[in-house]
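Notes to accompany the following structure.
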Amino acid sequence: MLARGPWAAIPVLGISWSRIGVVWFAQLLTLILLSNRSDWALRAARVAARIGVAASFGFVALMVALRTPCAWCLLIHAASVICWGAVEVFGRHPSGRGFAPPLTMSRGAGSFWRAGMSVWLLVFTVIVATTAVFDARAVMLRRRAADEAAGAVRTAIRDGTMSATVGVGETNVAAEPRLRGRHRIGAPSARIEVVVFSDYQCPDCQRIERELESLVERGDIGLTVKHFPLCADCNRLLSTSLHPDACRRAAIAEAAGQLGGASAFSAAHQTLFRDAASPLDPVDAVSQSTGIDRSRLIEAMLAPATRESIARDIEDAVALGVTFTPMVFVNGREWKWYLTRAPLADLVREATFGQTSTPPPAADKLVEDWRCVPLMRAFGSAAPRGFVRIEPTSGRDDVPELVLWVDYRTPGTATIDSELAALASEGLEFRLRIMQFPVSSACNTTRGIGAGSPESCLAALIANAAGLAAGDAGFRAVHAWLIAHTDQISLEGLAPTLDTLPGGRAATLASFGDGTAMTLTQQQVSVLADRIAVQMVPTLVIDGRPVPRWDHPGANRKVVLRKLVEAATAARTQAPVVSP
């Protein structure tokens, strides 16, 4: 939703637009009340109404462009349009003074109109104010949870409980050389070494670049820049390009560094970020800022050595668990800005008095990321029923609780299901519950979910119907069939399996047809979409913490999942667990 994204607040200032709405409606109300006696109030009301309606049209256009409709937002913007129209039509007086209706309306009617308009504006001011209060409270709670998580991460790192051991299936390659780079900005030798994997078309990279520049200006910090373009032209991890010109821009910076050394790379680096929105072609802009001839720059860009250098940076990033940009390391420790609110300055301050550490390999990084996610305190007893896929062989209750949301038509569902089943067969103790999140609007009303596949909805409903009619054992039988027949899902194909369940086919089809399976499915969907704020599957939650990522090209899947379960097992002995 728009209200949860980067457009929810004023950039830099961070003030919520809902709070601005409170001020706008309140001041317009005040001006209307004063305008019967003051010329300036009438003029100010017109200006405020015009500014408000322009902003509303802008936000509606943004909602359409980003495909993030919001019913309450549209209602507020409709109110803004009505206010503007009313002020323009009725805010006229033949004498040019006061806020009065045209002469065709009586004085009493004008007063009645002003009173009605004022009451109506007051109601909307209260509505928007209430929204702002809840928004502020939600922000406060998110910040508090993130701060607690950040503190826990710092404590764990300081105490050494976050190990960087290499598991089975991983490549035992020293992590520290992965942070070494060809391009350095700032002090030649410094106590604090900052390494950033960046993309010249990445908005977050551009924002963080300003902060990095101010740190380098201190004089005791060295900055190493490495490339990780989110572009399929040079990044083997991507099948589509999020930033279609990022590879070319990385090649421009790389070529400038090869031809002109550190100073030329620094100039190119700053130019590519500062002039990101410039109509001037990046090659011309860098040629001008570095003094390197354009033809020489293009020749170096196309050289095999340039492509190989960018490819090496990408491989280093993969080995360290990088999947997006920017990724920043300070003396070997990753700044997890995307999971916590801990500012970069805090990590730099700690590094001033600390020692250089070695970043963990990809699998351990993914476990650290999971540890950073705040516990979902509201996830416990209110969660809908999820059917048990895997029980601990020992029958113990104090094992990690895994909840997995699936869509049987999504390939990743069969992948993670088989990996977890293999771990259970190897003796790893945990309990796995399955919940449904069919990517189909036929039974999933989450905003943004398209028509999808009707088989996704059918599979979710029949799996839940089997669980409701025949318990966990019935669910497991249908689940196994669906996993094995993801491209052949039909009631006819399921019929032999349903006939083996207690109550036979009729019991399952009764739950399927009377709406109880649909109700349960929609409850399971709402937990993922509303409480966890995720709209993708498969999604795994372990002991109340969503797993940001379990599948990474730099790590073995089974190793990652084993480490996650083992970390949850260890955490259960140290703190209370929030079980779904």
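Letters A, B, ... mark the chains of the structure tokens in the order given; residue numbers begin at 1 per chain; ligand numbers begin at 1, in order shown.
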Expected answer as a PyMOL selection string: strand (DSSP E) residues in region 151-366 of chain A
chain A and resi 183-186+192-198+221-227+327-330+333-335
Neighbour list for Glu492 (chain A) as a PyMOL selection string, cut-off 12 Å, only C-alpha atoms, skip fewer than 6 positions in-chain
chain A and resi 458+462+498-499+505
Selection near Val439 (chain A), 8 Å with only C-alpha atoms, sequence-local residues under 6 positions removed, as a list of chain:residue names
A:Asp407, A:Ile449, A:Gly450, A:Ala451, A:Gly452, A:Ser453, A:Ser456, A:Cys457
All alpha helix (DSSP H) positions in region 267-474 of chain A, as an NGL selection string:
:A and (267-274 or 282-290 or 294-301 or 304-319 or 344-353 or 362-372 or 411-425 or 454-474)
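The neighbours of Val87 (chain A) here are the residues that come within 8 Å of it, using only C-alpha atoms and leaving out any residue fewer than 4 positions away in the same chain; they are A:Ala45, A:Arg46, A:Ala49, A:Cys83, A:Gly91.
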